[in-house]
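For reference, protein17.cif (mmCIF, C-alpha atoms):
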data_data
#
loop_
_atom_site.label_atom_id
_atom_site.label_comp_id
_atom_site.auth_asym_id
_atom_site.auth_seq_id
_atom_site.Cartn_x
_atom_site.Cartn_y
_atom_site.Cartn_z
CA MET G 1 -33.79 32.74 36.70
CA ARG G 2 -31.04 34.73 34.88
CA ARG G 3 -32.22 36.66 31.83
CA ARG G 4 -30.20 36.07 28.65
CA THR G 5 -29.05 39.10 26.66
CA SER G 6 -28.70 38.92 22.87
CA VAL G 7 -25.28 39.57 21.32
CA ALA G 8 -26.60 42.64 19.49
CA THR G 9 -28.09 44.13 22.68
CA ALA G 10 -24.90 43.47 24.62
CA ALA G 11 -22.79 45.09 21.93
CA ALA G 12 -25.02 48.17 21.85
CA ALA G 13 -24.83 48.44 25.61
CA ALA G 14 -21.06 48.24 25.50
CA VAL G 15 -20.90 51.11 22.99
CA LEU G 16 -23.29 53.27 24.99
CA ALA G 17 -21.34 52.65 28.17
CA ALA G 18 -18.12 53.56 26.43
CA VAL G 19 -19.58 56.79 25.02
CA GLY G 20 -20.81 57.73 28.47
CA THR G 21 -17.28 57.69 29.80
CA GLY G 22 -15.78 59.46 26.78
CA VAL G 23 -13.88 56.35 25.62
CA ILE G 24 -14.97 54.12 22.72
CA THR G 25 -13.97 50.51 23.26
CA ALA G 26 -13.11 48.59 20.07
CA LEU G 27 -15.44 45.70 19.38
CA PRO G 28 -14.23 42.46 17.85
CA SER G 29 -13.87 42.87 14.05
CA TYR G 30 -15.38 40.34 11.71
CA ALA G 31 -13.89 39.50 8.34
CA ALA G 32 -15.11 37.52 5.38
CA THR G 33 -12.78 34.55 5.04
CA GLY G 34 -12.56 31.89 2.40
CA CYS G 35 -10.17 30.33 -0.06
CA ARG G 36 -9.80 27.85 -2.87
CA VAL G 37 -6.71 25.72 -3.58
CA ALA G 38 -5.76 23.87 -6.75
CA TYR G 39 -2.97 21.35 -6.09
CA THR G 40 -1.64 19.79 -9.31
CA VAL G 41 0.98 17.10 -9.76
CA SER G 42 2.53 18.52 -12.93
CA ASN G 43 4.89 15.61 -13.53
CA GLN G 44 5.95 12.41 -11.78
CA TRP G 45 8.79 9.92 -12.13
CA PRO G 46 9.99 6.96 -10.04
CA GLY G 47 10.63 8.32 -6.56
CA GLY G 48 9.98 11.97 -7.41
CA PHE G 49 7.38 14.46 -8.58
CA GLY G 50 6.78 18.11 -9.39
CA ALA G 51 3.72 20.00 -8.17
CA SER G 52 2.13 23.42 -8.48
CA VAL G 53 -0.26 25.03 -6.03
CA ALA G 54 -2.64 27.87 -6.92
CA VAL G 55 -4.25 29.76 -4.02
CA THR G 56 -7.29 32.01 -4.49
CA ASN G 57 -8.42 34.33 -1.70
CA LEU G 58 -12.24 34.45 -1.66
CA GLY G 59 -12.55 36.60 1.45
CA ASP G 60 -11.45 40.07 2.46
CA PRO G 61 -8.03 41.27 1.23
CA ILE G 62 -5.05 39.85 3.12
CA ASN G 63 -1.47 41.02 3.37
CA GLY G 64 0.67 37.98 4.12
CA TRP G 65 -0.46 34.37 3.84
CA THR G 66 0.40 30.93 5.18
CA LEU G 67 -0.92 27.81 3.47
CA ALA G 68 -0.74 24.50 5.33
CA TRP G 69 -1.50 20.90 4.45
CA SER G 70 -0.49 17.36 5.45
CA TYR G 71 0.76 14.43 3.42
CA SER G 72 -0.69 10.98 4.07
CA ALA G 73 1.94 8.80 2.36
CA GLY G 74 5.26 10.17 3.61
CA GLN G 75 6.01 12.54 0.71
CA GLN G 76 8.85 15.00 1.29
CA VAL G 77 9.38 18.38 -0.37
CA THR G 78 12.92 18.65 -1.75
CA GLN G 79 12.98 21.97 -3.64
CA TYR G 80 10.58 24.89 -3.92
CA TRP G 81 10.12 28.29 -5.56
CA SER G 82 7.94 31.41 -5.20
CA THR G 83 7.33 30.51 -1.55
CA ALA G 84 9.15 30.06 1.75
CA LEU G 85 8.36 26.46 2.66
CA THR G 86 9.07 24.24 5.66
CA GLN G 87 8.10 20.67 6.46
CA SER G 88 7.88 18.93 9.82
CA GLY G 89 6.93 15.29 9.55
CA SER G 90 3.83 15.14 7.35
CA GLN G 91 2.91 18.80 7.95
CA VAL G 92 3.89 21.29 5.21
CA THR G 93 3.74 25.06 5.69
CA ALA G 94 4.15 27.40 2.71
CA ARG G 95 4.42 31.16 3.28
CA ASN G 96 4.44 34.07 0.89
CA VAL G 97 7.63 35.78 -0.22
CA ASP G 98 7.89 39.54 -0.57
CA TYR G 99 6.34 39.86 -4.03
CA ASN G 100 3.23 37.67 -3.64
CA GLY G 101 2.02 38.36 -0.12
CA SER G 102 -0.90 40.68 -0.91
CA LEU G 103 -4.08 38.97 -2.11
CA GLY G 104 -7.19 41.02 -2.76
CA THR G 105 -10.66 39.51 -2.88
CA GLY G 106 -10.68 37.04 -5.76
CA ALA G 107 -6.92 37.36 -6.32
CA SER G 108 -4.72 34.30 -6.84
CA THR G 109 -1.07 33.41 -6.57
CA SER G 110 0.84 30.23 -7.22
CA PHE G 111 4.05 28.48 -6.27
CA GLY G 112 5.72 25.20 -7.07
CA PHE G 113 7.98 22.52 -5.67
CA ASN G 114 9.61 19.17 -6.28
CA GLY G 115 9.21 16.28 -3.90
CA SER G 116 9.97 12.62 -3.25
CA TRP G 117 7.59 9.72 -2.73
CA THR G 118 7.62 5.98 -2.11
CA GLY G 119 4.71 3.62 -2.64
CA SER G 120 2.10 6.21 -3.58
CA ASN G 121 1.70 9.95 -4.08
CA PRO G 122 -1.89 10.94 -3.17
CA VAL G 123 -2.96 14.57 -3.40
CA PRO G 124 -3.61 16.29 -0.04
CA THR G 125 -7.30 16.43 0.82
CA SER G 126 -7.46 19.63 2.90
CA PHE G 127 -5.71 22.98 3.16
CA THR G 128 -5.83 25.98 5.49
CA LEU G 129 -5.03 29.58 4.56
CA ASN G 130 -4.01 31.70 7.58
CA GLY G 131 -5.64 29.08 9.78
CA VAL G 132 -8.97 29.01 7.91
CA ALA G 133 -10.05 25.84 6.09
CA CYS G 134 -10.18 26.25 2.30
CA THR G 135 -13.63 24.96 1.37
CA GLY G 136 -14.24 27.00 -1.77
CA GLY G 137 -16.80 29.12 0.10
CA VAL G 138 -16.85 32.27 2.24
CA SER G 139 -17.79 32.70 5.90
CA ASN G 140 -17.77 35.57 8.37
CA SER G 141 -15.60 35.05 11.41
CA PRO G 142 -13.47 37.09 13.79
CA SER G 143 -10.41 38.21 11.89
CA PRO G 144 -7.22 36.87 13.48
CA SER G 145 -5.30 39.60 11.70
CA ARG G 146 -7.03 42.37 13.68
CA SER G 147 -5.33 41.58 16.98
CA VAL G 148 -4.61 44.64 19.15
CA THR G 149 -1.17 43.26 19.95
CA PRO G 150 1.03 43.34 16.84
CA SER G 151 2.50 40.02 15.77
CA PRO G 152 6.27 39.86 16.32
CA SER G 153 6.62 38.39 12.84
CA ARG G 154 5.28 41.63 11.32
CA SER G 155 7.98 43.91 12.73
CA VAL G 156 8.39 47.01 10.60
CA THR G 157 12.18 46.91 10.86
CA PRO G 158 13.55 43.52 9.82
CA SER G 159 16.19 42.19 12.17
CA PRO G 160 19.15 40.15 10.95
CA SER G 161 19.29 36.44 11.53
CA PRO G 162 20.87 35.38 14.86
CA SER G 163 23.52 33.68 12.73
CA SER G 164 24.43 36.85 10.83
CA GLY G 165 28.01 38.07 10.84
CA SER G 166 31.23 36.13 11.17
CA GLY G 167 30.11 33.18 13.32
CA THR G 168 31.07 30.68 10.58
CA PRO G 169 34.61 30.60 9.17
CA GLY G 170 34.64 32.28 5.79
CA VAL G 171 31.47 34.32 6.35
CA PRO G 172 32.31 38.05 6.05
CA SER G 173 31.95 40.09 9.23
CA ASP G 174 29.67 42.56 7.44
CA ALA G 175 27.20 39.91 6.26
CA VAL G 176 23.72 40.77 7.50
CA TRP G 177 22.42 37.20 7.15
CA SER G 178 23.79 33.70 7.11
CA ALA G 179 22.24 30.27 7.49
CA SER G 180 23.12 26.60 7.15
CA GLY G 181 19.70 24.94 6.97
CA GLN G 182 18.84 22.79 3.98
CA TRP G 183 16.16 25.11 2.59
CA ASP G 184 16.92 28.42 4.32
CA THR G 185 15.88 31.56 2.45
CA TRP G 186 16.29 35.31 2.87
CA VAL G 187 14.42 38.09 1.06
CA ASN G 188 15.98 41.49 0.35
CA ASN G 189 14.98 44.26 -2.04
CA GLY G 190 12.89 41.98 -4.24
CA TYR G 191 15.49 39.19 -4.43
CA THR G 192 15.32 35.88 -2.56
CA VAL G 193 18.54 34.05 -1.68
CA TYR G 194 18.15 30.27 -1.31
CA ASN G 195 20.56 27.86 0.38
CA ASN G 196 19.04 24.77 -1.33
CA ILE G 197 20.93 21.61 -0.45
CA TRP G 198 19.24 18.54 -1.94
CA GLY G 199 21.65 15.95 -3.29
CA SER G 200 22.15 12.53 -1.75
CA GLY G 201 25.39 12.42 0.20
CA ALA G 202 25.65 16.20 0.52
CA GLY G 203 27.96 17.69 3.12
CA SER G 204 27.65 21.04 4.87
CA GLN G 205 26.89 24.43 3.37
CA THR G 206 26.45 27.95 4.77
CA VAL G 207 25.03 30.75 2.68
CA TRP G 208 25.58 34.39 3.63
CA ALA G 209 24.43 37.72 2.22
CA ARG G 210 25.07 41.42 2.35
CA SER G 211 22.11 41.87 0.01
CA GLY G 212 20.01 39.86 -2.41
CA THR G 213 22.57 40.59 -5.15
CA ASN G 214 25.80 40.29 -3.11
CA TRP G 215 26.01 36.95 -1.33
CA GLY G 216 28.12 33.84 -1.12
CA VAL G 217 28.43 30.23 -0.04
CA ILE G 218 30.90 28.31 2.10
CA ALA G 219 30.48 24.70 0.91
CA ASN G 220 32.05 21.41 1.93
CA HIS G 221 30.66 18.55 -0.15
CA PRO G 222 32.32 15.22 -0.99
CA ARG G 223 33.46 14.85 -4.58
CA THR G 224 31.09 12.01 -5.37
CA SER G 225 28.69 11.75 -8.31
CA GLY G 226 25.56 13.87 -8.46
CA VAL G 227 24.70 17.52 -7.82
CA LYS G 228 24.63 18.30 -4.10
CA SER G 229 23.22 21.83 -4.07
CA TYR G 230 22.18 24.90 -6.02
CA PRO G 231 22.45 28.00 -3.82
CA HIS G 232 21.03 30.87 -5.86
CA THR G 233 19.24 34.19 -5.99
CA VAL G 234 16.06 35.01 -7.90
CA LYS G 235 13.99 38.15 -8.44
CA GLY G 236 10.43 36.91 -8.45
CA SER G 237 8.86 35.37 -11.52
CA VAL G 238 8.98 36.93 -14.99
CA ASN G 239 5.52 35.54 -15.78
CA ARG G 240 5.59 36.74 -19.41
CA THR G 241 5.36 34.96 -22.75
CA VAL G 242 8.46 35.16 -24.91
CA SER G 243 6.63 37.18 -27.56
CA SER G 244 5.50 39.78 -25.00
CA LEU G 245 9.03 40.44 -23.71
CA ALA G 246 10.63 43.60 -25.07
CA SER G 247 13.81 42.80 -23.11
CA LEU G 248 15.20 40.36 -20.55
CA THR G 249 18.81 41.00 -19.59
CA SER G 250 21.09 40.14 -16.70
CA SER G 251 24.61 40.95 -15.47
CA PHE G 252 26.79 39.07 -13.00
CA ASN G 253 30.21 39.04 -11.37
CA VAL G 254 31.39 36.04 -9.34
CA SER G 255 34.46 34.64 -7.60
CA VAL G 256 34.86 30.85 -7.58
CA PRO G 257 37.42 28.36 -6.23
CA THR G 258 40.17 26.93 -8.43
CA ASP G 259 39.31 23.34 -7.48
CA GLY G 260 36.12 21.33 -7.12
CA ASP G 261 33.21 20.12 -9.27
CA TYR G 262 30.77 22.95 -9.92
CA SER G 263 29.30 25.38 -12.43
CA THR G 264 28.10 28.98 -12.29
CA THR G 265 24.73 28.88 -14.01
CA TYR G 266 21.49 30.60 -14.79
CA ASP G 267 18.56 28.23 -14.34
CA ILE G 268 15.54 29.57 -16.24
CA TRP G 269 12.14 27.90 -16.11
CA ALA G 270 9.13 28.09 -18.42
CA ASN G 271 5.59 26.76 -18.77
CA ASN G 272 5.19 25.81 -15.12
CA TRP G 273 8.54 24.00 -14.87
CA ALA G 274 8.09 21.99 -18.09
CA TYR G 275 11.22 23.56 -19.64
CA GLU G 276 14.59 24.30 -18.04
CA VAL G 277 17.23 26.47 -19.69
CA MET G 278 20.70 26.41 -18.15
CA LEU G 279 23.33 29.00 -19.09
CA TRP G 280 26.76 27.75 -17.99
CA MET G 281 29.03 30.76 -17.54
CA ASN G 282 31.93 28.85 -15.97
CA TRP G 283 32.51 25.33 -14.68
CA ASN G 284 35.21 23.11 -13.26
CA GLY G 285 35.89 19.44 -12.61
CA ALA G 286 33.63 16.45 -13.16
CA VAL G 287 30.45 18.18 -14.34
CA GLY G 288 28.63 18.20 -17.66
CA PRO G 289 25.28 18.94 -19.30
CA ILE G 290 22.32 16.65 -19.87
CA ALA G 291 22.33 15.70 -23.57
CA GLU G 292 20.37 13.50 -25.96
CA GLN G 293 23.51 12.51 -27.91
CA TYR G 294 26.67 10.88 -26.55
CA ASP G 295 29.84 9.45 -28.01
CA ALA G 296 33.00 7.96 -26.53
CA ASN G 297 34.04 11.39 -25.29
CA GLY G 298 30.77 12.16 -23.55
CA ALA G 299 27.90 14.52 -24.31
CA VAL G 300 27.62 15.81 -27.87
CA PRO G 301 26.21 19.31 -28.48
CA ALA G 302 23.29 19.75 -30.84
CA PHE G 303 24.87 23.02 -32.02
CA ARG G 304 28.46 24.25 -31.81
CA ASN G 305 29.85 27.78 -31.64
CA VAL G 306 26.54 29.64 -31.75
CA SER G 307 26.88 33.39 -31.13
CA LEU G 308 23.82 34.44 -29.21
CA GLY G 309 22.88 36.93 -26.48
CA GLY G 310 26.39 38.40 -26.33
CA HIS G 311 28.21 35.06 -25.93
CA THR G 312 29.28 32.04 -27.96
CA TRP G 313 27.87 28.67 -26.89
CA ASN G 314 27.86 24.95 -27.43
CA ILE G 315 24.20 23.98 -27.01
CA TYR G 316 22.85 20.68 -25.67
CA ARG G 317 19.33 19.29 -25.62
CA GLY G 318 18.04 16.57 -23.28
CA SER G 319 15.66 15.60 -20.48
CA ASN G 320 16.06 14.77 -16.81
CA GLY G 321 12.94 12.59 -16.80
CA ALA G 322 10.76 15.37 -15.40
CA ASN G 323 11.28 18.24 -17.84
CA ALA G 324 13.10 19.19 -21.03
CA VAL G 325 16.57 20.67 -20.43
CA PHE G 326 18.41 23.02 -22.80
CA SER G 327 22.01 23.70 -21.76
CA PHE G 328 24.10 26.54 -23.19
CA LEU G 329 27.81 26.17 -22.35
CA ARG G 330 30.07 29.12 -23.12
CA THR G 331 32.93 28.13 -25.40
CA SER G 332 35.22 30.09 -23.04
CA LYS G 333 34.54 30.38 -19.34
CA THR G 334 33.95 33.73 -17.67
CA ASN G 335 33.33 35.07 -14.18
CA SER G 336 31.50 38.21 -15.27
CA GLY G 337 29.36 39.53 -18.08
CA THR G 338 25.97 40.57 -19.37
CA VAL G 339 23.52 38.19 -21.05
CA ASP G 340 20.63 38.99 -23.39
CA ILE G 341 18.35 36.21 -22.16
CA ARG G 342 15.48 37.26 -24.43
CA ALA G 343 17.64 36.52 -27.49
CA ILE G 344 18.21 32.99 -26.20
CA MET G 345 14.48 32.52 -25.57
CA ASN G 346 13.68 33.61 -29.12
CA TRP G 347 16.38 31.34 -30.58
CA LEU G 348 14.74 28.35 -28.91
CA ARG G 349 11.49 29.30 -30.66
CA THR G 350 13.19 29.45 -34.06
CA GLN G 351 14.48 25.90 -33.48
CA ASN G 352 10.97 24.71 -32.54
CA TRP G 353 12.38 23.41 -29.26
CA TRP G 354 9.53 25.26 -27.58
CA GLY G 355 6.71 27.59 -28.60
CA ASP G 356 5.63 30.94 -27.20
CA VAL G 357 6.18 29.72 -23.66
CA THR G 358 5.57 31.64 -20.46
CA VAL G 359 8.89 32.40 -18.78
CA GLY G 360 8.84 31.82 -15.02
CA GLU G 361 11.78 32.20 -12.67
CA ALA G 362 15.27 33.14 -13.88
CA GLN G 363 17.56 31.90 -11.11
CA PHE G 364 21.31 32.51 -10.83
CA GLY G 365 23.79 30.67 -8.63
CA PHE G 366 26.29 27.86 -8.19
CA GLU G 367 25.46 24.23 -8.97
CA ILE G 368 27.86 22.29 -6.76
CA SER G 369 28.65 18.57 -7.11
CA GLY G 370 31.69 18.44 -4.82
CA THR G 371 34.42 20.51 -3.21
CA GLY G 372 36.57 18.00 -1.35
CA GLY G 373 37.01 20.50 1.49
CA SER G 374 35.77 23.94 2.42
CA ALA G 375 35.37 26.18 -0.64
CA ALA G 376 34.07 29.72 -1.06
CA PHE G 377 31.79 30.93 -3.86
CA THR G 378 30.84 34.61 -4.03
CA ASP G 379 28.26 36.44 -6.11
CA ASN G 380 29.91 39.87 -6.04
CA SER G 381 27.10 41.54 -7.97
CA PHE G 382 24.00 40.54 -9.90
CA SER G 383 21.11 42.21 -11.66
CA ILE G 384 18.21 41.12 -13.84
CA ALA G 385 15.47 43.18 -15.47
CA TRP G 386 12.72 42.70 -18.02
CA SER G 387 10.09 44.73 -19.81
#
Starting from the file, lay out its structure as structure tokens.
Amino acid sequence: MRRRTSVATAAAAAVLAAVGTGVITALPSYAATGCRVAYTVSNQWPGGFGASVAVTNLGDPINGWTLAWSYSAGQQVTQYWSTALTQSGSQVTARNVDYNGSLGTGASTSFGFNGSWTGSNPVPTSFTLNGVACTGGVSNSPSPSRSVTPSPSRSVTPSPSPSSGSGTPGVPSDAVWSASGQWDTWVNNGYTVYNNIWGSGAGSQTVWARSGTNWGVIANHPRTSGVKSYPHTVKGSVNRTVSSLASLTSSFNVSVPTDGDYSTTYDIWANNWAYEVMLWMNWNGAVGPIAEQYDANGAVPAFRNVSLGGHTWNIYRGSNGANAVFSFLRTSKTNSGTVDIRAIMNWLRTQNWWGDVTVGEAQFGFEISGTGGSAAFTDNSFSIAWS
């Protein structure tokens, strides 16, 4: 009859044997793992919804996370922020971006997205964080992150995308990244560049980048109604109340086509996507702001010729059914400039259009409704900073 050896005795024997030969063999490491997830449908409208997800790490510190869940009613994610997200069938996988990948014990992070639904929109019932079920408790298990063989996805030197360079007509030969997928993203120096194609009837679109602040788009969308895409760049989340901001400024320089239906815009979000502020720096063709007042000539601004933040605007107020929208259209179009965004945030407070809201992401890019052929948009330079 074979005698059974306890795990502790076997481990001790292994160490003693290793010491006897002058080599210490690494034993399997054990880590405390655990997580808690709060999934909230922040708003919902016929056929669509907005959601936020808060993730709390209850176990040992982690550097890099992947959260996964499944939908039971055919929901589809259509737009996302503060995460790199993919969906295959019902399975959704959300990964960290460069600024929210480290989670200490008890630390939390959050991200958000918009989605579509038909019939019903039930909340997912289970989540996994780095492969471990989120039960709200903590357990001790072998740590998958302690593998002796380094994961190829954690390479110290990032390699360019296989599609980088001049493989697509119009993409500069010195571009270090390019992609044509609907939700492709690329992170560089704290900025994330998003391809973001979401409109019904959209055509093709390739985004390319030399850096997170020098990038462009080759778009070919039919000139039909509705926004087709919003390729943009964003530097994390401001995550500050308006009153706590000493400054929030941005500069830009773009090149845009002479034909097509599009606008060059900032898209600034607050209070967990409840408020959207759009700053239209230039626009062309059949595009216009959401407004609460209309006459025979179209949208009517709530305020005209307001000098604010270094520019003069016509200002519109409205709603898209999911969130309030405040649109600032320059009275003269420009392809470059500097904007005092904090001044605009404070002006909205003085009008009681919002309170001391928490500013989230301040995105910048091109909202494209149609091009009627291949068209090039380039963000030559961009910067944003706050204190």
Problem - Residue contacts of Leu348 of chain G (9 Å, only C-alpha atoms) excluding same-chain residues fewer than 6 positions away, as a list in words - result: Phe326, Trp354 and Gly355 of chain G
Practice task
For the structure provided, state which residues fall under the PyMOL selection byres ((chain G and resi 317) around 8), and present them as JSON, numbers by chain.
Solution key: {"G": [290, 291, 292, 301, 302, 315, 316, 318, 319, 324, 325, 326, 327]}
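Of the residues listed (G:Gly321, G:Gly170, G:Gly203, G:Pro289), G:Gly321 shows the shortest atom-to-atom separation from Asn43 of chain G; distances use all atoms listed in the file.
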Would you translate the PyMOL selection byres ((chain G and resi 361-376) around 8) into the concrete set of residues it matches in this file, as a tab-separated table (two decimals) with C-alpha atoms, in the frame of the given file?
chain	number	residue	atom	x	y	z
G	170	GLY	CA	34.64	32.28	5.79
G	216	GLY	CA	28.12	33.84	-1.12
G	217	VAL	CA	28.43	30.23	-0.04
G	218	ILE	CA	30.90	28.31	2.10
G	219	ALA	CA	30.48	24.70	0.91
G	220	ASN	CA	32.05	21.41	1.93
G	221	HIS	CA	30.66	18.55	-0.15
G	222	PRO	CA	32.32	15.22	-0.99
G	223	ARG	CA	33.46	14.85	-4.58
G	224	THR	CA	31.09	12.01	-5.37
G	225	SER	CA	28.69	11.75	-8.31
G	226	GLY	CA	25.56	13.87	-8.46
G	227	VAL	CA	24.70	17.52	-7.82
G	228	LYS	CA	24.63	18.30	-4.10
G	229	SER	CA	23.22	21.83	-4.07
G	230	TYR	CA	22.18	24.90	-6.02
G	231	PRO	CA	22.45	28.00	-3.82
G	232	HIS	CA	21.03	30.87	-5.86
G	233	THR	CA	19.24	34.19	-5.99
G	234	VAL	CA	16.06	35.01	-7.90
G	235	LYS	CA	13.99	38.15	-8.44
G	236	GLY	CA	10.43	36.91	-8.45
G	237	SER	CA	8.86	35.37	-11.52
G	238	VAL	CA	8.98	36.93	-14.99
G	239	ASN	CA	5.52	35.54	-15.78
G	256	VAL	CA	34.86	30.85	-7.58
G	257	PRO	CA	37.42	28.36	-6.23
G	259	ASP	CA	39.31	23.34	-7.48
G	260	GLY	CA	36.12	21.33	-7.12
G	261	ASP	CA	33.21	20.12	-9.27
G	262	TYR	CA	30.77	22.95	-9.92
G	263	SER	CA	29.30	25.38	-12.43
G	264	THR	CA	28.10	28.98	-12.29
G	265	THR	CA	24.73	28.88	-14.01
G	266	TYR	CA	21.49	30.60	-14.79
G	267	ASP	CA	18.56	28.23	-14.34
G	268	ILE	CA	15.54	29.57	-16.24
G	269	TRP	CA	12.14	27.90	-16.11
G	270	ALA	CA	9.13	28.09	-18.42
G	287	VAL	CA	30.45	18.18	-14.34
G	359	VAL	CA	8.89	32.40	-18.78
G	360	GLY	CA	8.84	31.82	-15.02
G	377	PHE	CA	31.79	30.93	-3.86
G	378	THR	CA	30.84	34.61	-4.03
G	379	ASP	CA	28.26	36.44	-6.11
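Distance annotation: of G:Pro124, G:Gly212, G:Gly74, G:Gly50, the residue with the minimal separation from Asn323 of chain G is G:Gly50; atom set is all atoms listed in the file.
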Practice task
Kindly give the distance, in Å, that separates atom CA of Val207 of chain G and atom CA of Val193 of chain G, rounded to a single decimal.
Solution key: 8.5 Å
As lines of an AutoDock Vina configuration file, please: the centre and edge lengths in Å, to one decimal, of an axis-aligned box enclosing every listed atom of segment 56-73 of chain G with 5 Å added on each side.
center_x = -5.3
center_y = 25.0
center_z = 0.5
size_x = 24.5
size_y = 42.5
size_z = 19.9
Exercise for the section: Give me the residues within 9 Å of Phe49 of chain G as a ChimeraX atom specification, counting all atoms listed in the file and dropping any in the same chain fewer than 6 places off. Expected result: /G:41-43,113-117,121,322
Problem - Exercise: Asp98 of chain G partners within 12 Å, all atoms listed in the file, chain neighbours under 5 positions left out, as a count of residues only - result: 18
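Minimum atom-to-atom distance to Leu245 of chain G, evaluated using only C-alpha atoms, belongs to G:Ser387 out of G:Arg210, G:Ser387, G:Trp273, G:Leu129.
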Exercise for the section: Run through the PyMOL selection byres ((chain G and resi 310) around 7) on the given coordinates and return the selected residues as JSON, numbers by chain. Expected result: {"G": [307, 308, 309, 311, 339, 340]}
Handout entry: Nearest to Thr56 of chain G, chosen from G:Ile384, G:Val123, G:Ala296, G:Leu103, with all atoms listed in the file counted in the distances
Key = G:Leu103
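You will find atom CA of Tyr71 of chain G at 15.9 Å from atom CA of Ala133 of chain G.
Atom CA of Gly104 of chain G is positioned 11.6 Å from atom CA of Thr33 of chain G.
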Problem - Which residue of G:Thr125, G:Ser110, G:Gln182, G:Ser255 approaches Thr86 of chain G most closely, using all atoms listed in the file - result: G:Gln182
Handout entry: Thr109 of chain G surroundings by all atoms listed in the file, 9 Å radius, close-in-sequence under 4 positions cut, as JSON, numbers by chain
Key = {"G": [53, 54, 55, 56, 57, 100, 101, 103]}
Take the selection from the previous step and output its residues with C-alpha atoms, as a short mmCIF file (atom, residue, chain, number, x, y, z; two decimals), keeping the file's coordinate frame.
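Produced file selection00.cif, reproduced below:
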data_model
loop_
_atom_site.label_atom_id
_atom_site.label_comp_id
_atom_site.auth_asym_id
_atom_site.auth_seq_id
_atom_site.Cartn_x
_atom_site.Cartn_y
_atom_site.Cartn_z
CA VAL G 53 -0.26 25.03 -6.03
CA ALA G 54 -2.64 27.87 -6.92
CA VAL G 55 -4.25 29.76 -4.02
CA THR G 56 -7.29 32.01 -4.49
CA ASN G 57 -8.42 34.33 -1.70
CA ASN G 100 3.23 37.67 -3.64
CA GLY G 101 2.02 38.36 -0.12
CA LEU G 103 -4.08 38.97 -2.11
#
